[in-house]
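Q: My structure is in entry.txt, and what it holds is compact mmCIF, C-alpha atoms:
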```txt
# COMPACT_ATOMS: atom_id res chain seq x y z
CA MET A 1 1.47 21.74 -4.93
CA LYS A 2 4.67 20.10 -6.02
CA GLU A 3 5.78 19.22 -9.53
CA ALA A 4 5.55 15.45 -9.78
CA LEU A 5 8.29 12.98 -10.46
CA TYR A 6 7.97 10.35 -13.19
CA TRP A 7 6.07 11.91 -16.05
CA GLU A 8 6.59 13.05 -19.64
CA LYS A 9 4.81 15.22 -22.18
CA THR A 10 2.89 13.39 -24.88
CA ASP A 11 0.41 14.40 -27.58
CA GLY A 12 -0.87 17.53 -25.89
CA ALA A 13 -1.17 15.78 -22.53
CA VAL A 14 1.10 14.51 -19.77
CA HIS A 15 1.90 10.83 -19.35
CA CYS A 16 2.21 9.79 -15.70
CA LEU A 17 4.87 7.10 -15.31
CA LEU A 18 4.46 6.46 -11.59
CA CYS A 19 2.11 3.47 -11.69
CA PRO A 20 1.00 0.91 -14.30
CA HIS A 21 -2.19 2.82 -15.14
CA ASP A 22 0.07 4.96 -17.37
CA CYS A 23 -2.49 7.76 -17.28
CA LYS A 24 -2.51 10.20 -20.22
CA ILE A 25 -3.84 13.34 -18.56
CA VAL A 26 -5.14 16.42 -20.39
CA ASN A 27 -4.93 19.90 -18.90
CA GLY A 28 -6.97 20.39 -15.73
CA ILE A 29 -7.63 16.68 -15.17
CA THR A 30 -6.23 14.24 -12.62
CA GLY A 31 -5.15 10.66 -13.14
CA VAL A 32 -6.91 7.59 -11.75
CA CYS A 33 -5.49 8.28 -8.28
CA GLY A 34 -7.21 11.66 -8.15
CA VAL A 35 -4.20 13.47 -6.71
CA ARG A 36 -1.84 14.00 -9.67
CA GLN A 37 -3.05 16.72 -12.03
CA ASN A 38 -2.02 18.23 -15.34
CA ILE A 39 -1.76 21.99 -14.79
CA ASN A 40 -0.79 23.88 -17.91
CA GLY A 41 1.24 21.02 -19.33
CA LYS A 42 3.04 19.94 -16.16
CA LEU A 43 2.13 17.15 -13.76
CA TYR A 44 1.72 18.18 -10.13
CA SER A 45 1.09 16.33 -6.89
CA LEU A 46 -1.94 17.82 -5.16
CA VAL A 47 -1.11 16.11 -1.85
CA TYR A 48 2.54 16.97 -1.31
CA GLY A 49 2.84 17.59 2.44
CA GLU A 50 -0.91 17.10 2.95
CA THR A 51 -1.96 14.55 5.55
CA THR A 52 -5.37 13.26 6.61
CA SER A 53 -4.17 11.13 9.51
CA VAL A 54 -1.25 11.10 11.94
CA SER A 55 -1.09 8.57 14.77
CA LEU A 56 1.30 6.57 16.92
CA ASP A 57 0.37 2.94 16.18
CA PRO A 58 1.59 -0.45 17.31
CA ILE A 59 3.70 -1.88 14.48
CA GLU A 60 1.42 -4.94 14.58
CA LYS A 61 -1.44 -2.76 13.27
CA LYS A 62 0.24 -2.33 9.87
CA PRO A 63 0.24 -5.40 10.10
CA LEU A 64 3.92 -6.20 10.64
CA TYR A 65 4.48 -8.92 13.24
CA HIS A 66 8.14 -9.72 12.59
CA TYR A 67 9.64 -6.22 12.40
CA HIS A 68 10.30 -4.35 15.66
CA PRO A 69 7.56 -6.35 17.45
CA GLY A 70 6.06 -4.67 20.48
CA GLU A 71 7.15 -1.20 19.38
CA SER A 72 5.14 1.80 18.16
CA ILE A 73 5.63 3.73 14.94
CA LEU A 74 4.53 7.19 13.85
CA SER A 75 2.01 6.58 11.06
CA LEU A 76 0.62 9.01 8.54
CA GLY A 77 -1.25 9.07 5.26
CA THR A 78 -2.89 11.39 2.79
CA LYS A 79 -5.90 10.85 0.48
CA GLY A 80 -6.48 9.09 -2.83
CA CYS A 81 -5.61 5.69 -4.26
CA ASN A 82 -4.77 4.17 -7.63
CA PHE A 83 -7.15 1.27 -6.94
CA LYS A 84 -10.95 1.52 -6.75
CA CYS A 85 -11.80 -1.45 -4.54
CA PRO A 86 -15.51 -1.49 -3.59
CA PHE A 87 -14.54 -3.25 -0.34
CA CYS A 88 -11.99 -0.64 0.77
CA GLN A 89 -11.67 -0.60 4.55
CA ASN A 90 -10.24 2.95 4.51
CA TRP A 91 -12.49 4.40 1.80
CA ALA A 92 -13.15 7.62 3.73
CA ILE A 93 -9.63 8.83 2.88
CA SER A 94 -8.70 6.68 -0.12
CA GLN A 95 -11.81 7.37 -2.21
CA ASP A 96 -13.28 10.60 -0.77
CA LEU A 97 -11.03 13.31 -2.18
CA ASP A 98 -12.94 16.04 -0.31
CA VAL A 99 -11.62 14.87 3.06
CA PRO A 100 -9.78 17.74 4.82
CA THR A 101 -6.00 17.65 5.15
CA GLN A 102 -3.38 19.28 7.32
CA LYS A 103 -0.09 20.62 5.98
CA VAL A 104 3.11 19.05 7.31
CA THR A 105 6.76 19.10 6.32
CA SER A 106 9.28 16.28 6.17
CA ARG A 107 11.19 17.88 9.02
CA TRP A 108 8.04 18.10 11.15
CA VAL A 109 7.39 14.39 10.56
CA THR A 110 10.89 13.27 11.52
CA ASP A 111 10.96 15.56 14.56
CA LYS A 112 7.55 14.25 15.65
CA ALA A 113 8.75 10.65 15.29
CA LYS A 114 11.71 11.32 17.59
CA GLU A 115 9.53 13.25 20.03
CA CYS A 116 7.17 10.25 20.22
CA LYS A 117 10.09 7.83 20.77
CA SER A 118 9.06 6.07 17.58
CA PHE A 119 11.63 3.87 15.88
CA GLY A 120 10.49 5.18 12.50
CA ILE A 121 7.76 6.37 10.19
CA ALA A 122 5.00 4.36 8.48
CA TYR A 123 3.40 5.70 5.31
CA THR A 124 0.00 4.05 5.48
CA TYR A 125 -3.81 4.42 5.71
CA ASN A 126 -4.17 5.13 1.97
CA GLU A 127 -1.79 4.25 -0.89
CA PRO A 128 1.65 5.75 -0.14
CA PHE A 129 3.06 5.40 -3.65
CA ILE A 130 0.66 8.08 -4.98
CA TRP A 131 2.17 10.37 -2.29
CA TYR A 132 5.49 9.61 -3.91
CA GLU A 133 7.27 12.96 -3.84
CA PHE A 134 6.60 13.59 -0.16
CA VAL A 135 7.24 10.00 0.93
CA LEU A 136 10.56 9.85 -0.91
CA GLU A 137 11.73 13.17 0.52
CA THR A 138 10.67 12.25 4.05
CA ALA A 139 12.09 8.74 3.85
CA LYS A 140 15.49 10.10 2.82
CA LEU A 141 15.52 12.57 5.72
CA ALA A 142 14.28 9.91 8.14
CA LYS A 143 17.08 7.54 7.19
CA GLU A 144 19.63 10.32 7.67
CA GLU A 145 18.15 10.86 11.14
CA GLY A 146 18.47 7.18 12.03
CA LEU A 147 14.76 6.38 11.66
CA GLU A 148 13.23 3.38 9.86
CA ASN A 149 10.72 3.75 7.01
CA VAL A 150 7.73 1.46 6.48
CA LEU A 151 5.33 1.31 3.53
CA VAL A 152 1.85 -0.23 3.71
CA THR A 153 0.97 -0.53 0.04
CA ASN A 154 -1.04 -2.24 -2.67
CA GLY A 155 2.21 -2.69 -4.61
CA PHE A 156 0.80 -1.20 -7.82
CA VAL A 157 3.80 0.88 -8.87
CA ASN A 158 6.15 0.95 -11.84
CA PRO A 159 9.64 -0.60 -11.51
CA LYS A 160 11.70 2.61 -11.77
CA PRO A 161 9.95 4.52 -8.97
CA LEU A 162 10.05 1.37 -6.87
CA GLU A 163 13.80 1.05 -7.38
CA GLU A 164 14.37 4.67 -6.36
CA MET A 165 12.34 4.23 -3.18
CA LEU A 166 13.62 0.84 -1.99
CA PRO A 167 17.04 1.92 -0.62
CA PHE A 168 15.27 4.00 2.02
CA ILE A 169 12.68 1.42 3.09
CA GLY A 170 13.16 -0.98 5.99
CA ALA A 171 9.90 -2.89 5.73
CA MET A 172 6.75 -3.17 3.64
CA ASN A 173 3.37 -4.73 4.10
CA ILE A 174 2.03 -5.44 0.61
CA ASP A 175 -1.57 -6.37 -0.12
CA LEU A 176 -1.93 -9.47 -2.26
CA LYS A 177 -5.67 -9.14 -2.72
CA SER A 178 -6.09 -12.28 -4.78
CA ILE A 179 -4.01 -14.56 -6.96
CA ASP A 180 -6.37 -13.96 -9.93
CA ASP A 181 -5.80 -11.16 -12.41
CA GLY A 182 -9.54 -11.18 -13.12
CA PHE A 183 -10.19 -10.21 -9.50
CA TYR A 184 -7.81 -7.26 -9.78
CA ARG A 185 -9.34 -6.07 -13.04
CA LYS A 186 -12.97 -6.41 -11.92
CA TYR A 187 -12.77 -5.18 -8.34
CA CYS A 188 -9.59 -3.09 -8.05
CA LYS A 189 -9.55 -1.69 -11.60
CA GLY A 190 -5.91 -2.69 -11.80
CA ALA A 191 -3.81 -5.75 -12.67
CA ILE A 192 -1.95 -8.37 -10.69
CA GLU A 193 1.40 -8.61 -12.53
CA PRO A 194 2.82 -5.29 -11.28
CA VAL A 195 1.91 -6.29 -7.72
CA LEU A 196 3.67 -9.63 -8.10
CA HIS A 197 6.74 -7.84 -9.46
CA THR A 198 6.75 -5.49 -6.48
CA ILE A 199 6.63 -8.41 -4.07
CA LYS A 200 9.40 -10.38 -5.81
CA ARG A 201 11.66 -7.34 -6.01
CA SER A 202 10.97 -6.01 -2.51
CA VAL A 203 11.70 -9.27 -0.66
CA LYS A 204 15.25 -8.94 -1.99
CA ALA A 205 15.61 -5.41 -0.61
CA CYS A 206 13.77 -5.16 2.71
CA HIS A 207 11.57 -6.99 5.20
CA VAL A 208 8.21 -7.86 3.59
CA GLU A 209 4.95 -9.18 5.02
CA LEU A 210 1.86 -9.86 2.90
CA THR A 211 -1.83 -9.33 3.62
CA ASN A 212 -4.78 -11.06 1.97
CA LEU A 213 -8.21 -9.63 2.79
CA VAL A 214 -10.52 -12.66 2.63
CA ILE A 215 -13.91 -11.73 1.12
CA PRO A 216 -16.75 -14.29 1.06
CA GLY A 217 -17.63 -15.43 -2.44
CA LEU A 218 -14.85 -13.42 -4.11
CA ASN A 219 -11.50 -14.87 -3.08
CA ASP A 220 -12.20 -17.36 -0.30
CA SER A 221 -12.14 -20.74 -2.04
CA GLU A 222 -9.69 -23.41 -0.94
CA GLU A 223 -8.31 -23.42 -4.48
CA ASN A 224 -7.66 -19.68 -4.24
CA PHE A 225 -5.86 -20.09 -0.91
CA SER A 226 -3.74 -22.93 -2.27
CA ARG A 227 -2.71 -21.04 -5.40
CA LEU A 228 -1.93 -17.92 -3.37
CA VAL A 229 0.24 -19.86 -0.94
CA ASP A 230 1.99 -21.76 -3.75
CA TRP A 231 2.90 -18.50 -5.47
CA ILE A 232 4.26 -16.99 -2.25
CA TYR A 233 6.29 -20.11 -1.47
CA ASP A 234 7.75 -20.30 -4.99
CA ASN A 235 8.46 -16.58 -5.47
CA ALA A 236 8.94 -14.98 -2.06
CA GLY A 237 9.90 -17.90 0.15
CA ALA A 238 8.53 -19.84 3.11
CA ASP A 239 9.75 -17.23 5.62
CA VAL A 240 7.63 -14.34 4.30
CA PRO A 241 4.80 -13.74 6.79
CA LEU A 242 1.25 -13.93 5.44
CA HIS A 243 -1.72 -12.26 7.15
CA PHE A 244 -5.23 -13.42 6.32
CA SER A 245 -7.45 -10.51 7.29
CA ARG A 246 -11.16 -10.69 8.04
CA TYR A 247 -13.39 -8.61 5.78
CA PHE A 248 -16.24 -6.55 7.21
CA PRO A 249 -19.04 -5.10 5.01
CA CYS A 250 -17.74 -1.67 4.03
CA TYR A 251 -18.02 1.06 1.41
CA LYS A 252 -19.84 -0.34 -1.66
CA LEU A 253 -19.73 -4.06 -0.86
CA ASP A 254 -22.26 -5.77 1.37
CA GLN A 255 -21.00 -9.36 1.38
CA PRO A 256 -21.37 -10.90 4.87
CA LEU A 257 -18.33 -10.71 7.10
CA THR A 258 -15.79 -13.51 6.74
CA SER A 259 -16.40 -16.48 9.00
CA LYS A 260 -13.76 -17.64 11.45
CA GLU A 261 -14.05 -21.09 9.89
CA THR A 262 -12.98 -19.76 6.50
CA LEU A 263 -10.00 -17.96 8.00
CA GLU A 264 -9.00 -21.07 9.93
CA LYS A 265 -9.15 -23.12 6.72
CA ALA A 266 -6.93 -20.57 4.99
CA TYR A 267 -4.52 -20.81 7.94
CA GLU A 268 -4.39 -24.60 7.73
CA ILE A 269 -3.66 -24.52 4.00
CA ALA A 270 -0.97 -21.85 4.34
CA LYS A 271 0.81 -23.51 7.25
CA LYS A 272 1.58 -26.52 5.09
CA LYS A 273 4.16 -24.39 3.24
CA LEU A 274 4.67 -21.08 5.05
CA LYS A 275 6.31 -20.65 8.42
CA ASN A 276 4.60 -17.46 9.59
CA VAL A 277 0.83 -17.28 9.05
CA HIS A 278 -1.42 -14.93 11.01
CA LEU A 279 -5.15 -14.20 11.22
CA GLY A 280 -6.28 -10.59 11.58
CA ASN A 281 -9.44 -8.58 12.36
CA ILE A 282 -10.91 -11.38 14.49
```
Mind turning the file's structure into structure tokens?
A:
Amino acid sequence: MKEALYWEKTDGAVHCLLCPHDCKIVNGITGVCGVRQNINGKLYSLVYGETTSVSLDPIEKKPLYHYHPGESILSLGTKGCNFKCPFCQNWAISQDLDVPTQKVTSRWVTDKAKECKSFGIAYTYNEPFIWYEFVLETAKLAKEEGLENVLVTNGFVNPKPLEEMLPFIGAMNIDLKSIDDGFYRKYCKGAIEPVLHTIKRSVKACHVELTNLVIPGLNDSEENFSRLVDWIYDNAGADVPLHFSRYFPCYKLDQPLTSKETLEKAYEIAKKKLKNVHLGNI
């Protein structure tokens, strides 16, 4: 375990300041993410140096199509998430906290990246911001070693931790799950405004690509696509790549898989304003 960053004592509990949930955590309990716990009045990360997955992936799998295209990147993740999406495509590690982990160090990760001839390290598979202490430490070391750092994230993080992390990040893929706050509150158990802030801030600091998982009946209307594209154009710019990703029935949601026709309609709408639009999982 590692004492966490971004917390304070409050009213007999600890107040986690890492993400907008602002969890007030009593002794022995974890926050919403399931991996930050109050132990005798201090907040600890339960996943520091603990990984569920390590792989050498094509950068396009993140998906990042306009950042080191054609190259591979050492990718790793842990367990837990600060969202509770019933359609999670990686639920086996993001929602099942009993999944086994393997201990690694930041030095092991950077050495492994160089051994694999990877241009950098991607923190991915689950939500990297809840792995904050380890990701920050490893990202700093990686940058010193001449390696790039990539985050694949839901963007649900507070401004101060984001600002501390950004100088070490070369690229991010950020999920923009919907343009409706109601969607975020109902299905993700979060809120959209912090995600929008993360996008607006990050495009000024590093390469950013966005992903929208298109789910039939939930966020697949033409109006939704138009509003999403308008927001991206107005706040992130026409050059920011947007990936519409096909949903498959998974975890707790049994909506039918997204049709190709719906994805093609989303593509047509987006291409009216955005220069780089891609369809994924088809």
Q: Which residue gives the smallest distance to Ser221 of chain A among A:Glu193, A:Asp111, A:Asp180, A:Asp175, with all atoms listed in the file counted?
A: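 Nearest candidate to Ser221 of chain A out of A:Glu193, A:Asp111, A:Asp180, A:Asp175: A:Asp180.
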Q: Using all atoms listed in the file, determine which residues lie at most 7 Å from segment 231-245 of chain A, disregarding the query and same-chain residues fewer than 3 positions distant; provide the list as an NGL selection string.
A: :A and (200 or 203 or 208-214 or 227-228 or 263 or 273-281)
Q: Taking all atoms listed in the file into account, which of A:Asp230, A:Glu137, A:Glu268, A:Glu50 comes nearest Gln102 of chain A?
A: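 Once distances to Gln102 of chain A are computed over all atoms listed in the file, the minimum belongs to A:Glu50.
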Q: Choose the residue, out of A:Ala4, A:Ile130, A:Val152, A:Cys81, that has the smallest atom-to-atom separation from Pro63 of chain A; count all atoms listed in the file.
A: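 Nearest candidate to Pro63 of chain A out of A:Ala4, A:Ile130, A:Val152, A:Cys81: A:Val152.
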Q: Counting all atoms listed in the file, which residue out of A:Cys188, A:Ile179, A:Val229, A:Ile199 sits closest to Pro86 of chain A?
A: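 Among the listed residues, the smallest separation from Pro86 of chain A belongs to A:Cys188.
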Q: Please, what distance in Å, to one decimal, runs between atom CA of Gly155 of chain A and atom CA of His197 of chain A?
A: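 Atom CA of His197 of chain A lies 8.4 Å from atom CA of Gly155 of chain A.
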Q: Which is closest to Lys186 of chain A among A:Lys42, A:Lys62, A:Lys84, A:His207, if we use all atoms listed in the file?
A: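 Residue with the minimum atom-to-atom distance to Lys186 of chain A: A:Lys84.
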Q: For a cut-off of 10 Å around (2.6, 1.4, 14.8), file coordinates, pick out all residues using all atoms listed in the file and list them as a PDB file with C-alpha atoms, in the coordinates of the input.
A:
```pdb
ATOM      1  CA  SER A  55      -1.090   8.570  14.770  1.00  0.00           C
ATOM      2  CA  LEU A  56       1.300   6.570  16.920  1.00  0.00           C
ATOM      3  CA  ASP A  57       0.370   2.940  16.180  1.00  0.00           C
ATOM      4  CA  PRO A  58       1.590  -0.450  17.310  1.00  0.00           C
ATOM      5  CA  ILE A  59       3.700  -1.880  14.480  1.00  0.00           C
ATOM      6  CA  GLU A  60       1.420  -4.940  14.580  1.00  0.00           C
ATOM      7  CA  LYS A  61      -1.440  -2.760  13.270  1.00  0.00           C
ATOM      8  CA  LYS A  62       0.240  -2.330   9.870  1.00  0.00           C
ATOM      9  CA  PRO A  63       0.240  -5.400  10.100  1.00  0.00           C
ATOM     10  CA  LEU A  64       3.920  -6.200  10.640  1.00  0.00           C
ATOM     11  CA  HIS A  68      10.300  -4.350  15.660  1.00  0.00           C
ATOM     12  CA  PRO A  69       7.560  -6.350  17.450  1.00  0.00           C
ATOM     13  CA  GLY A  70       6.060  -4.670  20.480  1.00  0.00           C
ATOM     14  CA  GLU A  71       7.150  -1.200  19.380  1.00  0.00           C
ATOM     15  CA  SER A  72       5.140   1.800  18.160  1.00  0.00           C
ATOM     16  CA  ILE A  73       5.630   3.730  14.940  1.00  0.00           C
ATOM     17  CA  LEU A  74       4.530   7.190  13.850  1.00  0.00           C
ATOM     18  CA  SER A  75       2.010   6.580  11.060  1.00  0.00           C
ATOM     19  CA  SER A 118       9.060   6.070  17.580  1.00  0.00           C
ATOM     20  CA  PHE A 119      11.630   3.870  15.880  1.00  0.00           C
ATOM     21  CA  GLY A 120      10.490   5.180  12.500  1.00  0.00           C
ATOM     22  CA  ILE A 121       7.760   6.370  10.190  1.00  0.00           C
ATOM     23  CA  ALA A 122       5.000   4.360   8.480  1.00  0.00           C
ATOM     24  CA  VAL A 150       7.730   1.460   6.480  1.00  0.00           C
TER      25      VAL A 150
END
```
Q: Hey, which of A:Val54, A:Leu43, A:Ile269, A:Leu97 ends up closest to Cys23 of chain A? Count all atoms listed in the file.
A: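 Among the listed residues, the smallest separation from Cys23 of chain A belongs to A:Leu43.
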Q: Which residues are close to segment 246-249 of chain A, i.e. within 12 Å by all atoms listed in the file, leaving aside same-chain residues fewer than 3 positions away? Reply as an MDAnalysis selection string.
A: chainID A and resid 86:91 177 211:220 243 252:264 266 278:282
Q: Write the selection just made, keeping C-alpha atoms, as a PDB file, in the frame of the given file?
A:
```pdb
ATOM      1  CA  PRO A  86     -15.510  -1.490  -3.590  1.00  0.00           C
ATOM      2  CA  PHE A  87     -14.540  -3.250  -0.340  1.00  0.00           C
ATOM      3  CA  CYS A  88     -11.990  -0.640   0.770  1.00  0.00           C
ATOM      4  CA  GLN A  89     -11.670  -0.600   4.550  1.00  0.00           C
ATOM      5  CA  ASN A  90     -10.240   2.950   4.510  1.00  0.00           C
ATOM      6  CA  TRP A  91     -12.490   4.400   1.800  1.00  0.00           C
ATOM      7  CA  LYS A 177      -5.670  -9.140  -2.720  1.00  0.00           C
ATOM      8  CA  THR A 211      -1.830  -9.330   3.620  1.00  0.00           C
ATOM      9  CA  ASN A 212      -4.780 -11.060   1.970  1.00  0.00           C
ATOM     10  CA  LEU A 213      -8.210  -9.630   2.790  1.00  0.00           C
ATOM     11  CA  VAL A 214     -10.520 -12.660   2.630  1.00  0.00           C
ATOM     12  CA  ILE A 215     -13.910 -11.730   1.120  1.00  0.00           C
ATOM     13  CA  PRO A 216     -16.750 -14.290   1.060  1.00  0.00           C
ATOM     14  CA  GLY A 217     -17.630 -15.430  -2.440  1.00  0.00           C
ATOM     15  CA  LEU A 218     -14.850 -13.420  -4.110  1.00  0.00           C
ATOM     16  CA  ASN A 219     -11.500 -14.870  -3.080  1.00  0.00           C
ATOM     17  CA  ASP A 220     -12.200 -17.360  -0.300  1.00  0.00           C
ATOM     18  CA  HIS A 243      -1.720 -12.260   7.150  1.00  0.00           C
ATOM     19  CA  LYS A 252     -19.840  -0.340  -1.660  1.00  0.00           C
ATOM     20  CA  LEU A 253     -19.730  -4.060  -0.860  1.00  0.00           C
ATOM     21  CA  ASP A 254     -22.260  -5.770   1.370  1.00  0.00           C
ATOM     22  CA  GLN A 255     -21.000  -9.360   1.380  1.00  0.00           C
ATOM     23  CA  PRO A 256     -21.370 -10.900   4.870  1.00  0.00           C
ATOM     24  CA  LEU A 257     -18.330 -10.710   7.100  1.00  0.00           C
ATOM     25  CA  THR A 258     -15.790 -13.510   6.740  1.00  0.00           C
ATOM     26  CA  SER A 259     -16.400 -16.480   9.000  1.00  0.00           C
ATOM     27  CA  LYS A 260     -13.760 -17.640  11.450  1.00  0.00           C
ATOM     28  CA  GLU A 261     -14.050 -21.090   9.890  1.00  0.00           C
ATOM     29  CA  THR A 262     -12.980 -19.760   6.500  1.00  0.00           C
ATOM     30  CA  LEU A 263     -10.000 -17.960   8.000  1.00  0.00           C
ATOM     31  CA  GLU A 264      -9.000 -21.070   9.930  1.00  0.00           C
ATOM     32  CA  ALA A 266      -6.930 -20.570   4.990  1.00  0.00           C
ATOM     33  CA  HIS A 278      -1.420 -14.930  11.010  1.00  0.00           C
ATOM     34  CA  LEU A 279      -5.150 -14.200  11.220  1.00  0.00           C
ATOM     35  CA  GLY A 280      -6.280 -10.590  11.580  1.00  0.00           C
ATOM     36  CA  ASN A 281      -9.440  -8.580  12.360  1.00  0.00           C
ATOM     37  CA  ILE A 282     -10.910 -11.380  14.490  1.00  0.00           C
TER      38      ILE A 282
END
```
Q: List the neighbours of Tyr125 of chain A out to 8 Å using only C-alpha atoms; skip same-chain residues closer than 6 positions along the sequence, and give me the result as a ChimeraX atom specification.
A: /A:53,76-78,90,93-94,152
Q: How many Å separate atom CA of Asp181 of chain A from atom CA of Cys19 of chain A?
A: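 Between atom CA of Asp181 of chain A and atom CA of Cys19 of chain A the gap works out to 16.6 Å.
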Q: Work out how far atom CA of Leu5 of chain A is from atom CA of Ile192 of chain A, in Å to one decimal.
A: 23.7 Å
Q: For Tyr6 of chain A, find every residue with an atom within 7 Å (counting only C-alpha atoms), except residues of its own chain fewer than 2 positions away, and show them as a ChimeraX atom specification.
A: /A:4,16-18
Q: Take the residues from that selection and write them out as a PDB file, in the frame of the given file, keeping C-alpha atoms.
A:
```pdb
ATOM      1  CA  ALA A   4       5.550  15.450  -9.780  1.00  0.00           C
ATOM      2  CA  CYS A  16       2.210   9.790 -15.700  1.00  0.00           C
ATOM      3  CA  LEU A  17       4.870   7.100 -15.310  1.00  0.00           C
ATOM      4  CA  LEU A  18       4.460   6.460 -11.590  1.00  0.00           C
TER       5      LEU A  18
END
```
Q: Let me have the centre and edge lengths of the axis-aligned box enclosing all listed atoms of segment 145-154 of chain A with 4 Å padding on every side, in Å to one decimal, as AutoDock Vina command-line options.
A:
```
--center_x 8.7 --center_y 4.3 --center_z 4.7 --size_x 27.5 --size_y 21.1 --size_z 22.7
```
Q: I want to know what sits within 8 Å of Phe156 of chain A, based on all atoms listed in the file, with residues of the same chain fewer than 6 positions away left out; could you give that as a ChimeraX atom specification?
A: /A:19-20,82,190,194-195,198
Q: Include C-alpha atoms and write out the residues we just selected as a tab-separated table (two decimals), in the coordinates of the input.
A:
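Below is the file result.tsv, written as the result:
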```tsv
chain	number	residue	atom	x	y	z
A	19	CYS	CA	2.11	3.47	-11.69
A	20	PRO	CA	1.00	0.91	-14.30
A	82	ASN	CA	-4.77	4.17	-7.63
A	190	GLY	CA	-5.91	-2.69	-11.80
A	194	PRO	CA	2.82	-5.29	-11.28
A	195	VAL	CA	1.91	-6.29	-7.72
A	198	THR	CA	6.75	-5.49	-6.48
```
